[in-house]
file final.cif (mmCIF, C-alpha atoms)
data_my_file
loop_
_atom_site.label_atom_id
_atom_site.label_comp_id
_atom_site.auth_asym_id
_atom_site.auth_seq_id
_atom_site.Cartn_x
_atom_site.Cartn_y
_atom_site.Cartn_z
CA MET A 74 59.05 91.52 106.02
CA SER A 75 57.33 91.54 109.40
CA ALA A 76 59.20 92.31 112.59
CA LEU A 77 58.75 88.69 113.70
CA ASN A 78 60.75 87.44 110.69
CA GLU A 79 63.60 89.93 110.94
CA LYS A 80 66.98 88.62 112.01
CA ILE A 81 70.02 90.76 112.74
CA ILE A 82 73.05 89.20 111.07
CA TYR A 83 75.49 92.10 111.37
CA ASN A 84 75.75 94.81 113.98
CA THR A 85 78.15 97.38 115.40
CA PRO A 86 80.63 95.86 117.87
CA GLU A 87 79.73 96.77 121.44
CA CYS A 88 83.16 98.21 122.25
CA LEU A 89 83.31 100.35 119.11
CA THR A 90 82.40 103.96 119.93
CA GLU A 91 80.04 106.14 117.89
CA LYS A 92 82.74 108.71 117.13
CA VAL A 93 83.10 109.38 113.39
CA TYR A 94 86.43 108.22 111.92
CA HIS A 95 88.86 110.95 110.93
CA PHE A 96 90.76 108.79 108.42
CA CYS A 97 91.21 109.75 104.75
CA PRO A 98 88.67 108.38 102.21
CA GLY A 99 89.65 104.86 101.19
CA CYS A 100 91.91 104.27 104.20
CA HIS A 101 91.52 100.87 105.86
CA HIS A 102 92.31 101.88 109.44
CA GLY A 103 88.62 102.14 110.26
CA LEU A 104 88.06 98.59 109.03
CA VAL A 105 90.98 97.31 111.11
CA HIS A 106 89.48 99.05 114.15
CA ARG A 107 86.22 97.22 113.56
CA LEU A 108 87.92 93.84 113.22
CA ALA A 109 89.81 94.43 116.47
CA ALA A 110 86.60 95.52 118.22
CA GLU A 111 84.80 92.40 116.98
CA ALA A 112 87.57 90.20 118.37
CA ILE A 113 87.45 92.01 121.71
CA ASP A 114 83.70 91.36 121.89
CA GLU A 115 84.10 87.76 120.71
CA PHE A 116 86.44 86.91 123.58
CA GLY A 117 84.76 89.16 126.17
CA LEU A 118 87.87 91.28 126.69
CA ALA A 119 86.41 94.78 126.99
CA GLU A 120 87.13 95.04 130.73
CA SER A 121 90.63 93.56 130.60
CA ALA A 122 92.00 94.80 127.27
CA VAL A 123 94.76 97.40 127.04
CA GLY A 124 95.71 98.84 123.66
CA VAL A 125 99.23 100.21 123.22
CA ILE A 126 99.39 102.61 120.29
CA GLY A 127 102.44 103.54 118.28
CA VAL A 128 102.95 106.84 116.49
CA GLY A 129 101.11 107.09 113.17
CA CYS A 130 97.65 107.22 111.66
CA GLY A 131 96.25 104.79 114.23
CA VAL A 132 97.33 106.92 117.18
CA PHE A 133 93.73 107.94 117.95
CA LEU A 134 92.55 104.37 118.49
CA TYR A 135 91.42 105.38 121.99
CA ASP A 136 88.71 107.54 120.39
CA TYR A 137 87.15 104.59 118.58
CA ILE A 138 87.52 101.48 120.75
CA ALA A 139 86.26 101.70 124.32
CA VAL A 140 89.14 99.99 126.12
CA ASP A 141 92.06 101.29 128.18
CA CYS A 142 94.81 102.63 125.93
CA CYS A 143 98.38 103.77 126.37
CA GLU A 144 100.48 105.69 123.87
CA ALA A 145 104.09 104.63 123.31
CA PRO A 146 107.07 106.47 121.84
CA HIS A 147 107.62 105.80 118.14
CA GLY A 148 108.39 102.10 117.65
CA ARG A 149 108.35 101.18 121.34
CA ALA A 150 104.81 99.77 121.61
CA PRO A 151 105.93 96.10 121.99
CA ALA A 152 108.27 97.06 124.84
CA VAL A 153 105.53 99.03 126.61
CA ALA A 154 103.04 96.22 126.00
CA SER A 155 105.47 93.68 127.42
CA GLY A 156 105.82 95.74 130.59
CA ILE A 157 102.05 96.08 131.02
CA LYS A 158 101.47 92.35 130.45
CA ARG A 159 104.21 91.31 132.87
CA THR A 160 102.96 93.57 135.65
CA ASN A 161 99.31 92.63 135.04
CA PRO A 162 99.24 89.12 133.53
CA LYS A 163 95.45 88.95 133.65
CA SER A 164 95.13 91.84 131.20
CA PHE A 165 94.83 91.34 127.45
CA VAL A 166 97.44 93.56 125.82
CA PHE A 167 97.63 94.39 122.13
CA THR A 168 99.61 96.88 120.10
CA TYR A 169 98.37 98.79 117.07
CA GLN A 170 101.21 99.79 114.72
CA GLY A 171 101.98 100.88 111.19
CA ASP A 172 104.89 99.74 109.04
CA GLY A 173 107.15 102.70 109.77
CA ASP A 174 106.50 102.41 113.49
CA LEU A 175 106.90 98.62 113.69
CA ALA A 176 109.38 97.70 110.95
CA ALA A 177 111.73 100.72 111.00
CA ILE A 178 111.97 102.60 114.27
CA GLY A 179 110.66 99.62 116.25
CA THR A 180 112.56 96.78 114.56
CA SER A 181 114.46 95.86 117.72
CA GLU A 182 111.38 95.97 119.94
CA ILE A 183 109.21 93.76 117.73
CA ILE A 184 111.94 91.17 117.13
CA HIS A 185 112.95 90.79 120.76
CA SER A 186 109.35 90.72 122.00
CA ALA A 187 108.69 87.79 119.69
CA ASN A 188 111.95 86.10 120.65
CA ARG A 189 111.13 86.45 124.38
CA GLN A 190 107.73 84.80 123.78
CA GLU A 191 105.92 87.79 125.25
CA ASN A 192 102.24 86.88 125.53
CA ILE A 193 101.00 89.95 123.64
CA THR A 194 99.18 90.48 120.35
CA VAL A 195 100.39 92.83 117.61
CA ILE A 196 98.09 94.37 115.00
CA PHE A 197 100.35 95.47 112.15
CA VAL A 198 98.87 97.72 109.45
CA ASN A 199 101.08 97.61 106.35
CA ASN A 200 100.35 100.28 103.74
CA SER A 201 103.96 100.39 102.43
CA VAL A 202 104.57 104.02 103.38
CA TYR A 203 104.83 106.37 106.34
CA GLY A 204 101.29 107.74 106.56
CA MET A 205 100.79 110.48 109.13
CA THR A 206 104.41 111.57 109.29
CA GLY A 207 104.84 112.72 105.69
CA GLY A 208 104.71 109.88 103.17
CA GLN A 209 108.36 108.85 103.44
CA MET A 210 109.80 105.50 102.38
CA ALA A 211 109.14 102.71 104.88
CA PRO A 212 110.82 99.30 105.20
CA THR A 213 107.79 97.91 103.34
CA THR A 214 107.91 100.39 100.44
CA LEU A 215 108.01 98.48 97.15
CA PRO A 216 110.82 98.77 94.56
CA GLY A 217 110.00 101.63 92.21
CA GLN A 218 107.42 103.13 94.59
CA LYS A 219 107.64 106.91 94.77
CA THR A 220 107.57 108.53 98.21
CA THR A 221 108.63 111.91 99.57
CA THR A 222 112.10 110.49 100.28
CA THR A 223 112.30 108.38 97.09
CA PRO A 224 110.87 110.77 94.46
CA ALA A 225 112.37 108.67 91.66
CA GLY A 226 111.10 105.44 93.19
CA ARG A 227 112.71 103.05 95.68
CA ILE A 228 115.92 101.59 94.26
CA PRO A 229 116.92 98.37 96.06
CA ALA A 230 120.63 98.82 95.30
CA GLY A 231 120.76 101.83 97.59
CA ASP A 232 117.48 101.79 99.47
CA GLY A 233 117.22 98.08 100.26
CA PHE A 234 114.37 95.66 99.64
CA PRO A 235 110.97 95.50 101.34
CA ILE A 236 111.02 93.55 104.61
CA ASN A 237 108.51 90.71 104.93
CA MET A 238 107.66 91.04 108.60
CA ALA A 239 105.12 88.23 108.96
CA GLU A 240 107.65 85.67 107.72
CA LEU A 241 110.42 87.17 109.86
CA ILE A 242 108.33 87.07 113.04
CA ALA A 243 107.26 83.49 112.27
CA SER A 244 110.92 82.41 112.35
CA PHE A 245 111.22 83.01 116.10
CA ARG A 246 110.54 80.16 118.49
CA GLY A 247 108.66 82.47 120.83
CA THR A 248 106.04 83.23 118.18
CA ALA A 249 102.76 81.34 118.46
CA PHE A 250 100.94 82.91 115.51
CA SER A 251 101.95 85.04 112.52
CA ALA A 252 99.80 85.69 109.46
CA ARG A 253 99.39 88.18 106.65
CA VAL A 254 95.95 89.09 105.31
CA SER A 255 94.52 91.78 103.05
CA LEU A 256 91.57 94.16 103.18
CA HIS A 257 91.01 94.83 99.49
CA ASP A 258 87.75 92.86 99.04
CA ASN A 259 85.00 91.14 101.03
CA ILE A 260 86.45 87.65 100.82
CA ASN A 261 89.76 88.82 102.20
CA VAL A 262 88.10 90.87 104.91
CA ARG A 263 86.43 87.68 106.14
CA ARG A 264 89.82 85.94 106.15
CA ALA A 265 91.28 88.90 108.01
CA ARG A 266 88.58 88.56 110.67
CA LYS A 267 89.52 84.91 111.21
CA ALA A 268 93.22 85.77 111.46
CA MET A 269 92.54 88.58 113.93
CA ASN A 270 90.53 86.23 116.12
CA ARG A 271 93.25 83.59 115.93
CA ALA A 272 95.88 86.12 117.01
CA PHE A 273 93.69 87.10 119.97
CA GLN A 274 93.08 83.46 120.84
CA ALA A 275 96.82 82.83 121.05
CA GLN A 276 97.13 85.34 123.88
CA VAL A 277 93.95 84.22 125.62
CA GLU A 278 95.34 80.67 125.70
CA LYS A 279 98.79 81.93 126.81
CA ARG A 280 100.51 80.53 123.75
CA GLY A 281 103.04 83.34 123.37
CA PHE A 282 103.62 86.16 120.89
CA SER A 283 101.09 86.66 118.09
CA MET A 284 100.90 89.06 115.16
CA VAL A 285 98.52 89.69 112.30
CA GLU A 286 99.75 91.81 109.39
CA LEU A 287 97.05 93.52 107.32
CA LEU A 288 97.73 94.91 103.83
CA SER A 289 96.00 98.27 103.80
CA ALA A 290 95.41 101.11 101.33
CA CYS A 291 96.79 104.63 101.69
CA PRO A 292 95.20 106.56 98.79
CA THR A 293 96.51 109.93 100.01
CA ASN A 294 100.20 109.03 100.04
CA TRP A 295 99.91 106.66 97.09
CA ARG A 296 98.30 109.51 95.13
CA LEU A 297 95.57 107.19 93.89
CA SER A 298 91.80 107.06 94.16
CA PRO A 299 90.32 104.63 96.70
CA LYS A 300 89.31 102.30 93.85
CA GLN A 301 92.76 102.44 92.27
CA SER A 302 94.29 101.75 95.68
CA LEU A 303 92.36 98.51 96.03
CA GLN A 304 93.68 97.41 92.64
CA ARG A 305 97.23 98.30 93.69
CA ILE A 306 96.98 95.94 96.65
CA THR A 307 96.02 93.14 94.25
CA ASP A 308 98.54 93.94 91.52
CA GLU A 309 101.58 95.08 93.51
CA MET A 310 101.39 94.47 97.24
CA ILE A 311 100.19 90.87 97.37
CA PRO A 312 102.90 89.62 94.94
CA ALA A 313 105.51 91.29 97.18
CA PHE A 314 103.83 90.29 100.44
CA PRO A 315 102.19 86.87 99.92
CA LEU A 316 99.08 86.21 101.96
CA GLY A 317 98.95 83.30 104.35
CA THR A 318 99.52 81.94 107.83
CA PHE A 319 103.24 81.46 108.47
CA LYS A 320 103.01 80.07 111.98
CA ASP A 321 100.04 78.76 113.92
CA PHE A 322 99.85 77.16 117.32
#
call {"tool": "encode", "arguments": {"input": "final.cif", "output": "structure tokens"}}
result
Amino acid sequence: MSALNEKIIYNTPECLTEKVYHFCPGCHHGLVHRLAAEAIDEFGLAESAVGVIGVGCGVFLYDYIAVDCCEAPHGRAPAVASGIKRTNPKSFVFTYQGDGDLAAIGTSEIIHSANRQENITVIFVNNSVYGMTGGQMAPTTLPGQKTTTTPAGRIPAGDGFPINMAELIASFRGTAFSARVSLHDNINVRRARKAMNRAFQAQVEKRGFSMVELLSACPTNWRLSPKQSLQRITDEMIPAFPLGTFKDF
């Protein structure tokens, strides 16, 4: 094919840095970073965006996306993001959080931020386990799933049931957008891209609180190969955490 006939249909997002990801093989954090970077480029937010990062595997987001970032204590990212947005309303503020950070230690912060209609966007990576901090049971851990704190598997009678955060957040009147997507195949990645953009659009249009939950693989803590992890999302996670948009402005 001659140079005159070549057409670029896919390229690296402008705000994504060239630093090599440190994530484990098969982890989806790198893909989530790309989707966030694409949305930042799509809406022209590179100069105004502020990422607030919770404790966990995504804590080094500032190495990979070239926007201003602020680290928050474990679970407190929505509170920090709310403060930044209120003091600088022209900024675009998003949090990047895992399930342990958002749904366990940060349950109060995420619920009240949604209820207050804070005009922030939450990127929620759900891999059903504490990742960086030791592989413990998270609020999203599935019944029977073995973790370092449930070596015999999670037993709902004593350990509780998984919490469906996307549905919970959608129940608040202050929420403009809440959706759950998956990253286990190309079709779902494309759907995830649309949901990410919609969550960003909600803030750009000052609609209120928005969140996109992404089902993600954690081969290391699941003790599975990357290929097996993709199948686990299909066979186990999606039945427990149905995909879909639960609230849309």
call {"tool": "closest_atom_pairs", "arguments": {"input": "final.cif", "of": "range 191-227 of chain A", "to": "range 308-321 of chain A", "cutoff": "9 Å", "atoms": "only C-alpha atoms", "output": "JSON lines"}}
result
{"residue": "A:Asn200", "atom": "CA", "partner": "A:Met310", "partner_atom": "CA", "distance": 8.8}
{"residue": "A:Ser201", "atom": "CA", "partner": "A:Met310", "partner_atom": "CA", "distance": 8.3}
{"residue": "A:Leu215", "atom": "CA", "partner": "A:Ala313", "partner_atom": "CA", "distance": 7.6}
call {"tool": "closest_residue", "arguments": {"input": "final.cif", "among": "A:Gln190, A:Thr90, A:Thr213, A:Ser289", "to": "Val254 in chain A", "atoms": "all atoms listed in the file"}}
result
A:Ser289
call {"tool": "atom_distance", "arguments": {"input": "final.cif", "atom1": "CA of Met284 in chain A", "atom2": "CA of Gly131 in chain A"}}
result
16.4 Å
call {"tool": "closest_residue", "arguments": {"input": "final.cif", "among": "A:Met238, A:Lys219, A:Thr160, A:Leu104", "to": "Asn259 in chain A", "atoms": "only C-alpha atoms"}}
result
A:Leu104
call {"tool": "residues_around", "arguments": {"input": "final.cif", "residues": "Leu303 in chain A", "least_positions_apart": "2", "cutoff": "9 Å", "atoms": "all atoms listed in the file", "output": "VMD selection string"}}
result
chain A and resid 99 256 to 258 289 to 290 292 298 to 301 305 to 308
call {"tool": "residues_around", "arguments": {"input": "final.cif", "residues": "Met269 in chain A", "least_positions_apart": "5", "cutoff": "8 Å", "atoms": "only C-alpha atoms", "output": "list in words"}}
result
Leu108, Ala109, Ala112 and Val285 of chain A
call {"tool": "write_last_selection", "arguments": {"input": "final.cif", "atoms": "C-alpha atoms", "output": "mmCIF file, keeping the file's coordinate frame"}}
result
data_model
loop_
_atom_site.group_PDB
_atom_site.id
_atom_site.type_symbol
_atom_site.label_atom_id
_atom_site.label_comp_id
_atom_site.auth_asym_id
_atom_site.auth_seq_id
_atom_site.Cartn_x
_atom_site.Cartn_y
_atom_site.Cartn_z
ATOM 1 C CA LEU A 108 87.920 93.840 113.220
ATOM 2 C CA ALA A 109 89.810 94.430 116.470
ATOM 3 C CA ALA A 112 87.570 90.200 118.370
ATOM 4 C CA VAL A 285 98.520 89.690 112.300
#
